[in-house]
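Text of the file input.txt, holding compact mmCIF, C-alpha atoms:
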# COMPACT_ATOMS: atom_id res chain seq x y z
CA MET A 1 11.47 23.88 10.31
CA ARG A 2 12.69 21.43 7.68
CA ARG A 3 11.94 22.24 4.09
CA ILE A 4 8.79 20.38 3.02
CA ALA A 5 8.46 19.18 -0.58
CA GLU A 6 5.73 20.73 -2.69
CA SER A 7 4.26 17.27 -3.31
CA THR A 8 3.88 16.79 0.46
CA VAL A 9 1.99 20.08 0.81
CA ARG A 10 -0.24 18.99 -2.08
CA ARG A 11 -1.06 15.73 -0.31
CA LEU A 12 -1.77 17.58 2.96
CA SER A 13 -4.31 19.64 1.00
CA LEU A 14 -5.89 16.47 -0.34
CA TYR A 15 -6.05 14.90 3.12
CA LEU A 16 -7.69 18.04 4.46
CA SER A 17 -10.30 18.19 1.70
CA PHE A 18 -11.18 14.54 2.41
CA LEU A 19 -11.35 15.16 6.17
CA GLU A 20 -13.63 18.18 5.70
CA GLU A 21 -15.89 16.12 3.46
CA ILE A 22 -16.28 13.23 5.90
CA GLU A 23 -16.50 15.62 8.87
CA ALA A 24 -19.54 17.20 7.17
CA GLN A 25 -21.01 13.69 6.94
CA GLY A 26 -20.55 13.19 10.69
CA VAL A 27 -17.62 10.72 10.49
CA THR A 28 -15.40 11.07 13.59
CA THR A 29 -12.42 8.74 12.97
CA THR A 30 -10.43 7.73 9.92
CA SER A 31 -7.37 5.65 9.05
CA SER A 32 -4.14 6.19 7.14
CA ASP A 33 -5.51 3.66 4.61
CA ASP A 34 -8.52 5.88 3.90
CA LEU A 35 -6.34 8.97 3.60
CA ALA A 36 -3.89 7.08 1.36
CA HIS A 37 -6.66 5.96 -0.97
CA LEU A 38 -7.74 9.54 -1.60
CA GLY A 39 -4.23 10.93 -1.99
CA GLY A 40 -3.30 8.19 -4.45
CA THR A 41 -0.55 7.02 -2.12
CA THR A 42 0.24 4.43 0.59
CA SER A 43 -0.62 4.43 4.29
CA ALA A 44 3.13 4.47 5.04
CA GLN A 45 3.42 7.70 3.01
CA VAL A 46 0.48 9.23 4.92
CA ARG A 47 2.14 8.45 8.25
CA LYS A 48 5.43 9.87 6.96
CA ASP A 49 3.73 13.05 5.65
CA LEU A 50 2.03 13.66 8.98
CA SER A 51 5.13 12.75 11.03
CA PHE A 52 6.86 15.91 9.76
CA PHE A 53 4.49 17.85 11.97
CA GLY A 54 4.55 15.84 15.18
CA SER A 55 2.52 12.90 16.39
CA PHE A 56 -1.01 12.23 15.20
CA GLY A 57 -3.42 9.36 15.72
CA LYS A 58 -3.22 6.26 17.86
CA ARG A 59 -2.06 2.87 16.60
CA GLY A 60 -5.12 0.71 15.98
CA LEU A 61 -7.55 3.56 16.64
CA GLY A 62 -6.82 5.75 13.63
CA TYR A 63 -7.12 9.52 13.54
CA SER A 64 -9.70 11.76 15.13
CA VAL A 65 -11.25 13.60 12.17
CA PRO A 66 -11.87 16.95 13.92
CA GLU A 67 -8.44 16.91 15.58
CA LEU A 68 -6.48 16.01 12.44
CA SER A 69 -8.41 18.46 10.25
CA SER A 70 -7.85 21.28 12.72
CA ARG A 71 -4.11 20.46 12.94
CA LEU A 72 -3.86 20.34 9.14
CA ARG A 73 -5.67 23.67 8.83
CA ALA A 74 -3.14 25.21 11.22
CA ILE A 75 -0.19 23.65 9.34
CA LEU A 76 -1.52 24.96 6.04
CA GLY A 77 -1.94 28.46 7.47
CA LEU A 78 -5.74 28.32 7.28
CA GLY A 79 -6.57 28.94 10.92
CA ARG A 80 -6.35 32.72 10.49
CA GLN A 81 -7.40 35.59 8.25
CA TRP A 82 -5.38 36.88 5.30
CA ARG A 83 -5.85 40.36 3.88
CA VAL A 84 -5.80 40.20 0.10
CA CYS A 85 -5.78 42.65 -2.77
CA ILE A 86 -6.50 41.72 -6.37
CA ILE A 87 -4.53 43.59 -9.00
CA GLY A 88 -6.18 43.67 -12.41
CA ALA A 89 -9.90 44.35 -12.81
CA GLY A 90 -10.39 42.13 -15.87
CA ARG A 91 -12.28 38.88 -16.35
CA ILE A 92 -9.97 36.83 -14.14
CA GLY A 93 -10.17 39.48 -11.42
CA ALA A 94 -13.96 39.38 -11.70
CA ALA A 95 -14.08 35.57 -11.44
CA LEU A 96 -11.81 35.74 -8.38
CA THR A 97 -13.74 38.36 -6.43
CA GLY A 98 -16.71 35.97 -6.46
CA TYR A 99 -14.68 32.88 -5.62
CA ALA A 100 -16.12 31.18 -2.52
CA GLY A 101 -12.87 29.29 -1.86
CA PHE A 102 -11.21 32.57 -0.85
CA VAL A 103 -13.60 33.14 2.03
CA GLU A 104 -13.44 29.48 3.10
CA ARG A 105 -9.66 29.77 3.45
CA GLY A 106 -9.84 33.02 5.40
CA PHE A 107 -8.90 35.26 2.47
CA ILE A 108 -10.53 38.65 2.90
CA VAL A 109 -10.42 40.41 -0.47
CA SER A 110 -10.67 44.08 0.40
CA GLY A 111 -9.17 45.81 -2.62
CA VAL A 112 -9.28 45.56 -6.42
CA TYR A 113 -6.81 47.67 -8.42
CA ASP A 114 -6.39 48.66 -12.04
CA SER A 115 -4.48 51.27 -14.01
CA ASP A 116 -7.23 51.81 -16.61
CA PRO A 117 -9.08 55.11 -15.95
CA ALA A 118 -12.21 53.54 -17.49
CA LYS A 119 -12.21 50.88 -14.77
CA ILE A 120 -11.07 52.93 -11.75
CA GLY A 121 -14.08 53.93 -9.66
CA THR A 122 -16.43 51.30 -11.08
CA ASP A 123 -18.55 49.37 -8.60
CA TRP A 124 -17.67 45.68 -8.09
CA GLY A 125 -20.26 44.54 -5.58
CA ASP A 126 -18.72 45.27 -2.17
CA LEU A 127 -15.67 46.94 -3.71
CA ILE A 128 -14.85 49.95 -5.84
CA VAL A 129 -11.97 49.47 -8.31
CA ALA A 130 -9.08 51.56 -6.97
CA ASP A 131 -6.21 53.27 -8.76
CA GLU A 132 -3.10 51.08 -9.11
CA ALA A 133 -1.02 54.21 -8.46
CA ASN A 134 -2.09 54.00 -4.79
CA LEU A 135 -0.99 50.37 -4.32
CA GLU A 136 1.99 51.03 -2.06
CA GLN A 137 0.19 53.38 0.30
CA ASP A 138 -2.86 51.07 0.45
CA ILE A 139 -0.76 47.97 1.17
CA ALA A 140 0.77 49.80 4.11
CA ALA A 141 -2.51 51.34 5.31
CA ASN A 142 -4.61 48.16 4.98
CA ASN A 143 -1.90 45.69 5.94
CA TYR A 144 -2.45 43.51 2.86
CA GLN A 145 -0.44 40.29 3.15
CA ILE A 146 -1.32 38.66 -0.18
CA ALA A 147 -1.50 40.16 -3.66
CA VAL A 148 -3.26 38.33 -6.49
CA LEU A 149 -1.83 39.35 -9.86
CA ALA A 150 -4.44 39.10 -12.63
CA VAL A 151 -2.73 41.39 -15.14
CA PRO A 152 -1.17 40.92 -18.60
CA ALA A 153 2.23 39.19 -18.75
CA ASP A 154 4.19 42.32 -19.57
CA ALA A 155 2.87 44.21 -16.53
CA ALA A 156 3.32 41.43 -13.96
CA GLN A 157 7.00 41.64 -12.92
CA LYS A 158 6.92 45.40 -12.36
CA LEU A 159 3.80 45.05 -10.20
CA ALA A 160 5.36 42.13 -8.31
CA ASP A 161 8.42 44.29 -7.56
CA ARG A 162 6.16 47.09 -6.30
CA VAL A 163 4.07 44.93 -3.96
CA VAL A 164 7.18 43.16 -2.64
CA ARG A 165 8.83 46.52 -1.82
CA ALA A 166 5.58 47.56 -0.13
CA GLY A 167 5.82 44.53 2.20
CA ILE A 168 3.50 41.88 0.75
CA LYS A 169 4.18 38.34 2.09
CA GLY A 170 2.77 36.24 -0.72
CA ILE A 171 1.79 36.51 -4.39
CA LEU A 172 -0.68 34.40 -6.31
CA ASN A 173 0.21 34.95 -9.97
CA PHE A 174 -2.25 34.44 -12.82
CA ALA A 175 -0.14 36.25 -15.42
CA PRO A 176 1.39 33.82 -17.94
CA VAL A 177 4.99 34.66 -17.00
CA GLN A 178 7.58 33.39 -14.51
CA LEU A 179 8.06 35.97 -11.77
CA ALA A 180 11.21 36.55 -9.76
CA VAL A 181 10.66 37.40 -6.08
CA PRO A 182 13.00 37.39 -3.09
CA PRO A 183 13.08 34.18 -0.98
CA HIS A 184 11.13 35.69 1.92
CA VAL A 185 8.09 36.18 -0.35
CA ALA A 186 5.89 33.16 -1.10
CA LEU A 187 4.91 32.76 -4.75
CA ARG A 188 2.39 30.45 -6.39
CA ALA A 189 1.35 30.56 -10.00
CA VAL A 190 -1.83 29.41 -11.66
CA ASN A 191 -0.50 28.96 -15.17
CA MET A 192 -3.37 28.10 -17.49
CA ALA A 193 -1.04 27.93 -20.51
CA MET A 194 1.00 25.15 -18.87
CA GLU A 195 -2.10 23.24 -17.87
CA LEU A 196 -3.38 23.43 -21.44
CA GLU A 197 -0.03 22.27 -22.83
CA ALA A 198 0.18 19.38 -20.35
CA LEU A 199 -3.35 18.40 -21.43
CA THR A 200 -2.68 18.51 -25.18
CA PHE A 201 0.66 16.73 -24.62
CA ALA A 202 -1.17 13.94 -22.78
CA ILE A 203 -3.93 13.65 -25.39
CA THR A 204 -1.40 13.63 -28.24
CA ASN A 205 0.70 10.96 -26.55
CA ASN A 206 -2.33 8.84 -25.63
CA GLY A 207 -2.61 8.19 -29.36
CA ALA A 208 -5.78 10.28 -29.69
CA MET B 1 6.52 6.22 -26.50
CA ARG B 2 8.13 6.20 -23.07
CA ARG B 3 6.20 7.74 -20.23
CA ILE B 4 7.39 11.33 -19.73
CA ALA B 5 7.36 12.80 -16.21
CA GLU B 6 5.02 15.69 -15.55
CA SER B 7 7.97 17.85 -14.49
CA THR B 8 9.57 17.29 -17.92
CA VAL B 9 6.40 18.42 -19.70
CA ARG B 10 6.34 21.49 -17.45
CA ARG B 11 9.92 22.37 -18.43
CA LEU B 12 9.13 21.84 -22.13
CA SER B 13 6.34 24.42 -21.69
CA LEU B 14 8.81 26.82 -20.06
CA TYR B 15 11.35 26.33 -22.84
CA LEU B 16 8.66 26.99 -25.44
CA SER B 17 7.43 30.16 -23.76
CA PHE B 18 11.03 31.44 -23.65
CA LEU B 19 11.61 30.50 -27.32
CA GLU B 20 8.41 32.27 -28.39
CA GLU B 21 9.47 35.35 -26.47
CA ILE B 22 12.95 35.58 -28.03
CA GLU B 23 11.59 34.59 -31.45
CA ALA B 24 9.30 37.65 -31.28
CA GLN B 25 12.42 39.73 -30.54
CA GLY B 26 14.11 38.37 -33.69
CA VAL B 27 16.63 36.07 -31.94
CA THR B 28 17.45 33.08 -34.18
CA THR B 29 19.71 30.81 -32.07
CA THR B 30 19.89 29.90 -28.40
CA SER B 31 21.85 27.59 -26.10
CA SER B 32 21.00 24.93 -23.54
CA ASP B 33 22.50 27.32 -20.96
CA ASP B 34 19.92 30.00 -21.82
CA LEU B 35 17.08 27.48 -21.74
CA ALA B 36 18.38 26.08 -18.44
CA HIS B 37 18.50 29.49 -16.84
CA LEU B 38 14.84 30.10 -17.57
CA GLY B 39 13.67 26.63 -16.56
CA GLY B 40 15.57 26.86 -13.26
CA THR B 41 17.63 23.83 -14.24
CA THR B 42 20.99 22.81 -15.75
CA SER B 43 22.08 22.64 -19.39
CA ALA B 44 22.58 18.89 -18.94
CA GLN B 45 18.93 18.60 -17.91
CA VAL B 46 17.84 20.62 -20.95
CA ARG B 47 19.74 18.29 -23.27
CA LYS B 48 18.26 15.28 -21.47
CA ASP B 49 14.70 16.68 -21.68
CA LEU B 50 15.01 17.31 -25.40
CA SER B 51 16.78 14.00 -26.08
CA PHE B 52 13.55 12.14 -25.27
CA PHE B 53 12.18 13.45 -28.54
CA GLY B 54 15.10 12.91 -30.90
CA SER B 55 18.09 15.02 -31.81
CA PHE B 56 18.05 18.81 -31.61
CA GLY B 57 20.73 21.44 -32.03
CA LYS B 58 24.34 21.19 -33.06
CA ARG B 59 27.26 21.00 -30.63
CA GLY B 60 28.86 24.43 -30.40
CA LEU B 61 26.16 26.07 -32.52
CA GLY B 62 23.21 25.82 -30.16
CA TYR B 63 19.60 25.49 -31.20
CA SER B 64 17.74 27.14 -34.06
CA VAL B 65 14.97 29.09 -32.33
CA PRO B 66 12.28 28.64 -35.04
CA GLU B 67 13.12 24.94 -35.49
CA LEU B 68 13.15 24.08 -31.79
CA SER B 69 9.99 26.06 -31.06
CA SER B 70 8.14 24.40 -33.91
CA ARG B 71 9.30 20.93 -32.73
CA LEU B 72 8.25 21.72 -29.16
CA ARG B 73 4.86 22.93 -30.33
CA ALA B 74 4.35 19.64 -32.16
CA ILE B 75 5.51 17.61 -29.13
CA LEU B 76 3.11 19.51 -26.87
CA GLY B 77 0.22 18.92 -29.26
CA LEU B 78 -0.05 22.59 -30.21
CA GLY B 79 0.43 22.30 -33.96
CA ARG B 80 -3.25 21.56 -34.54
CA GLN B 81 -6.76 22.66 -33.58
CA TRP B 82 -8.71 21.29 -30.64
CA ARG B 83 -12.49 21.50 -30.43
CA VAL B 84 -13.51 22.50 -26.91
CA CYS B 85 -16.73 22.81 -24.96
CA ILE B 86 -17.03 24.62 -21.65
CA ILE B 87 -19.45 23.11 -19.14
CA GLY B 88 -20.73 25.57 -16.57
CA ALA B 89 -21.82 29.09 -17.52
CA GLY B 90 -20.72 30.75 -14.29
CA ARG B 91 -17.96 33.24 -13.53
CA ILE B 92 -15.12 30.83 -14.28
CA GLY B 93 -16.79 29.82 -17.55
CA ALA B 94 -17.11 33.50 -18.43
CA ALA B 95 -13.45 34.22 -17.69
CA LEU B 96 -12.45 31.23 -19.82
CA THR B 97 -14.49 32.08 -22.91
CA GLY B 98 -12.50 35.32 -23.13
CA TYR B 99 -9.11 33.70 -22.43
CA ALA B 100 -6.68 34.56 -25.23
CA GLY B 101 -4.41 31.62 -24.34
CA PHE B 102 -7.05 29.21 -25.62
CA VAL B 103 -6.92 30.61 -29.14
CA GLU B 104 -3.10 30.82 -29.08
CA ARG B 105 -2.93 27.09 -28.31
CA GLY B 106 -5.42 26.17 -31.04
CA PHE B 107 -8.37 25.65 -28.68
CA ILE B 108 -11.58 26.50 -30.50
CA VAL B 109 -14.29 26.98 -27.88
CA SER B 110 -17.53 26.33 -29.74
CA GLY B 111 -19.96 25.44 -27.00
CA VAL B 112 -20.92 26.57 -23.49
CA TYR B 113 -23.32 24.41 -21.47
CA ASP B 114 -25.35 24.81 -18.32
CA SER B 115 -28.27 23.07 -16.64
CA ASP B 116 -29.83 26.27 -15.25
CA PRO B 117 -32.92 27.28 -17.32
CA ALA B 118 -32.17 30.93 -16.45
CA LYS B 119 -28.79 30.66 -18.21
CA ILE B 120 -29.70 28.43 -21.17
CA GLY B 121 -30.27 30.55 -24.26
CA THR B 122 -28.41 33.61 -22.98
CA ASP B 123 -26.01 35.31 -25.37
CA TRP B 124 -22.29 34.97 -24.56
CA GLY B 125 -20.64 36.94 -27.33
CA ASP B 126 -20.13 34.46 -30.17
CA LEU B 127 -21.93 31.70 -28.28
CA ILE B 128 -25.39 30.96 -26.90
CA VAL B 129 -25.45 28.98 -23.65
CA ALA B 130 -26.76 25.51 -24.55
CA ASP B 131 -28.68 22.97 -22.49
CA GLU B 132 -26.45 20.50 -20.64
CA ALA B 133 -29.03 17.81 -21.44
CA ASN B 134 -27.79 17.89 -25.05
CA LEU B 135 -24.11 17.34 -24.17
CA GLU B 136 -23.78 13.79 -25.48
CA GLN B 137 -25.40 14.47 -28.83
CA ASP B 138 -23.44 17.72 -29.27
CA ILE B 139 -20.10 16.08 -28.45
CA ALA B 140 -20.78 13.52 -31.16
CA ALA B 141 -22.15 16.03 -33.68
CA ASN B 142 -19.43 18.66 -33.15
CA ASN B 143 -16.57 16.26 -32.54
CA TYR B 144 -15.50 18.00 -29.32
CA GLN B 145 -12.19 16.58 -28.07
CA ILE B 146 -11.76 18.59 -24.88
CA ALA B 147 -14.28 19.43 -22.17
CA VAL B 148 -13.58 22.17 -19.63
CA LEU B 149 -15.46 21.53 -16.37
CA ALA B 150 -16.31 24.78 -14.59
CA VAL B 151 -19.11 23.44 -12.40
CA PRO B 152 -19.61 22.98 -8.64
CA ALA B 153 -17.72 20.11 -6.98
CA ASP B 154 -20.78 17.92 -6.47
CA ALA B 155 -21.72 18.02 -10.17
CA ALA B 156 -18.27 17.39 -11.62
CA GLN B 157 -17.81 13.59 -11.49
CA LYS B 158 -21.21 12.86 -13.05
CA LEU B 159 -20.48 15.30 -15.88
CA ALA B 160 -16.99 13.83 -16.34
CA ASP B 161 -18.54 10.35 -16.67
CA ARG B 162 -21.00 11.67 -19.26
CA VAL B 163 -18.41 13.40 -21.46
CA VAL B 164 -16.05 10.40 -21.23
CA ARG B 165 -18.83 8.06 -22.37
CA ALA B 166 -19.57 10.49 -25.20
CA GLY B 167 -15.98 10.17 -26.44
CA ILE B 168 -14.12 13.20 -25.10
CA LYS B 169 -10.28 12.82 -25.15
CA GLY B 170 -9.28 15.29 -22.45
CA ILE B 171 -10.76 17.14 -19.48
CA LEU B 172 -9.57 20.37 -17.91
CA ASN B 173 -11.16 20.40 -14.45
CA PHE B 174 -11.77 23.60 -12.47
CA ALA B 175 -14.12 21.98 -9.94
CA PRO B 176 -12.47 21.61 -6.51
CA VAL B 177 -12.67 17.82 -6.49
CA GLN B 178 -10.47 14.91 -7.61
CA LEU B 179 -12.01 13.28 -10.68
CA ALA B 180 -11.67 9.64 -11.70
CA VAL B 181 -11.37 9.04 -15.45
CA PRO B 182 -10.22 6.01 -17.46
CA PRO B 183 -6.52 5.94 -18.48
CA HIS B 184 -7.20 6.76 -22.14
CA VAL B 185 -8.64 10.16 -21.14
CA ALA B 186 -6.21 12.97 -20.31
CA LEU B 187 -7.05 14.93 -17.17
CA ARG B 188 -5.60 18.18 -15.83
CA ALA B 189 -6.93 20.11 -12.88
CA VAL B 190 -6.63 23.76 -12.03
CA ASN B 191 -7.17 23.54 -8.30
CA MET B 192 -7.33 27.04 -6.84
CA ALA B 193 -7.90 25.70 -3.32
CA MET B 194 -4.60 23.81 -3.43
CA GLU B 195 -2.72 26.80 -4.78
CA LEU B 196 -4.11 28.94 -1.99
CA GLU B 197 -3.16 26.36 0.63
CA ALA B 198 0.36 26.00 -0.79
CA LEU B 199 0.65 29.80 -0.64
CA THR B 200 -0.55 30.15 2.95
CA PHE B 201 1.60 27.15 3.95
CA ALA B 202 4.66 28.87 2.46
CA ILE B 203 3.88 32.24 4.06
CA THR B 204 3.25 30.62 7.44
CA ASN B 205 6.48 28.64 7.28
CA ASN B 206 8.51 31.62 6.06
CA GLY B 207 7.94 33.01 9.54
CA ALA B 208 5.64 35.76 8.27

Once more with this new file: its structure as structure tokens, please.
Amino acid sequence: MRRIAESTVRRLSLYLSFLEEIEAQGVTTTSSDDLAHLGGTTSAQVRKDLSFFGSFGKRGLGYSVPELSSRLRAILGLGRQWRVCIIGAGRIGAALTGYAGFVERGFIVSGVYDSDPAKIGTDWGDLIVADEANLEQDIAANNYQIAVLAVPADAAQKLADRVVRAGIKGILNFAPVQLAVPPHVALRAVNMAMELEALTFAITNNGA
Amino acid sequence: MRRIAESTVRRLSLYLSFLEEIEAQGVTTTSSDDLAHLGGTTSAQVRKDLSFFGSFGKRGLGYSVPELSSRLRAILGLGRQWRVCIIGAGRIGAALTGYAGFVERGFIVSGVYDSDPAKIGTDWGDLIVADEANLEQDIAANNYQIAVLAVPADAAQKLADRVVRAGIKGILNFAPVQLAVPPHVALRAVNMAMELEALTFAITNNGA
């Protein structure tokens, strides 16, 4: 498969969120114009984005909403379940275990880990905080595919190395640090610090 | 000022985080090569990024770490305090009120708002959850510049409209929805759903 730009994947996500919204309203067909409007782009760009993945829609008839949304879900890897562990039983970990978007995307969070003896064994709703020392054996035993890192910056790379060696396929990193992982492991970062700096940069340069 | 691409701002953030790290280790000078390595770019790109903002460094001598970091902090709007209110006293709001990165970037969180009578009046450490109905008068009275939206998707646009009318300069949006704001208001979104979809897309297309 050709390499797809990150901005394309982002637009596919936007198209899907729009399709799911109108599907819930009972709308059955849509156009590249409608999709373009939402994605802040042109209908030509929409057709180009979708053409990467084969043929969609019929000229003059637009797209079938259920068909296109189901194809997009498959393209984005959402048509299946993902086994997830959260590493770091702090505030971010707590916010994440209750995050409805995980379940909607097929993420089954079945482990929370920490190294703090005061946290290990505490009850987190459906889960008990487990000992980080058991990560490798648990990843193998439970077939975790995704690890969410919600730990301090100075602990993140070492934990990333451990979960990668244990066979994890993807990491979602909340630690404010750039991680290095081998190319076969998918990595996404939610970097609050960068978002804050982009925001204050924009306010400052808007003349505020 | 010329419009600066988002990717440039992102690299400036990376350069700054690297400078702060080596500054803490007592390093006093650095090179565009070192900065390039961290930002995943070239030294020519580093010089170009910094040249937008005037002249830095001396040929052959590199950059003064304290001088460049202080200039970058000013460029990114970090050399001052920002008055922030958090709207939505749920799990994300709770994780944010304890987020150390806010304080480090000069964000003073001095209000948390909700519309739920069961939450209004509850004690959140230094703050008491306030009634969302008072948002407009509080934004004016407390001179809030930034609003963090940590509310459900269907409530977010209406709240964004309210805080914009009340004079807010920037919005950090955690609701899983695209917001429309006028051009004089800065907007950044932390969209967990998109990060998850980019992650599962990458895992799926890595052949995992």

If we count only C-alpha atoms, which residues of chain A reach to within 6 Å of chain B? Please list them as a PDB file with C-alpha atoms, in the coordinates of the input.
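Contents of result-v1.pdb, as written:
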ATOM      1  CA  LEU A  76      -1.520  24.960   6.040  1.00  0.00           C
ATOM      2  CA  GLY A  77      -1.940  28.460   7.470  1.00  0.00           C
ATOM      3  CA  ARG A  91     -12.280  38.880 -16.350  1.00  0.00           C
ATOM      4  CA  ILE A  92      -9.970  36.830 -14.140  1.00  0.00           C
ATOM      5  CA  ALA A  95     -14.080  35.570 -11.440  1.00  0.00           C
ATOM      6  CA  ALA A 186       5.890  33.160  -1.100  1.00  0.00           C
ATOM      7  CA  GLU A 197      -0.030  22.270 -22.830  1.00  0.00           C
ATOM      8  CA  THR A 200      -2.680  18.510 -25.180  1.00  0.00           C
ATOM      9  CA  PHE A 201       0.660  16.730 -24.620  1.00  0.00           C
ATOM     10  CA  ALA A 202      -1.170  13.940 -22.780  1.00  0.00           C
ATOM     11  CA  ILE A 203      -3.930  13.650 -25.390  1.00  0.00           C
ATOM     12  CA  THR A 204      -1.400  13.630 -28.240  1.00  0.00           C
TER      13      THR A 204
END

Check: Between A:Ser32, A:Ala153, A:Glu23, A:Leu179, which one has atoms that come closest to A:Leu61, using only C-alpha atoms?
Finding: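 Ranked by minimum distance to A:Leu61, first place goes to A:Ser32.
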
Notebook entry, point to check: Got a sec: who's within 12 Å of A:Val27, counting all atoms listed in the file, leaving out chain neighbours fewer than 2 positions off, as an MDAnalysis selection string?
Noted result: chainID A and resid 18:25 29:31 63:66

Item checked: Contacts of B:Val163 at 12 Å (all atoms listed in the file; same-chain gap of 6+ positions) as a list in words ->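 Using all atoms listed in the file, the neighbours found are Val84, Cys85, Ile86, Ile87, Glu132, Ala133, Asn134, Leu135, Glu136, Gln137, Asp138, Ile139, Ala140, Asn143, Tyr144, Gln145, Ile146, Ala147, Val148, Leu149, Ala156, Gln157, Lys169, Gly170, Ile171, Leu172, Val181, Pro182 and Val185 of chain B.
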
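Taking atom CA of A:Phe56 and atom CA of A:Ala5 as the two end points, the separation is 19.7 Å.
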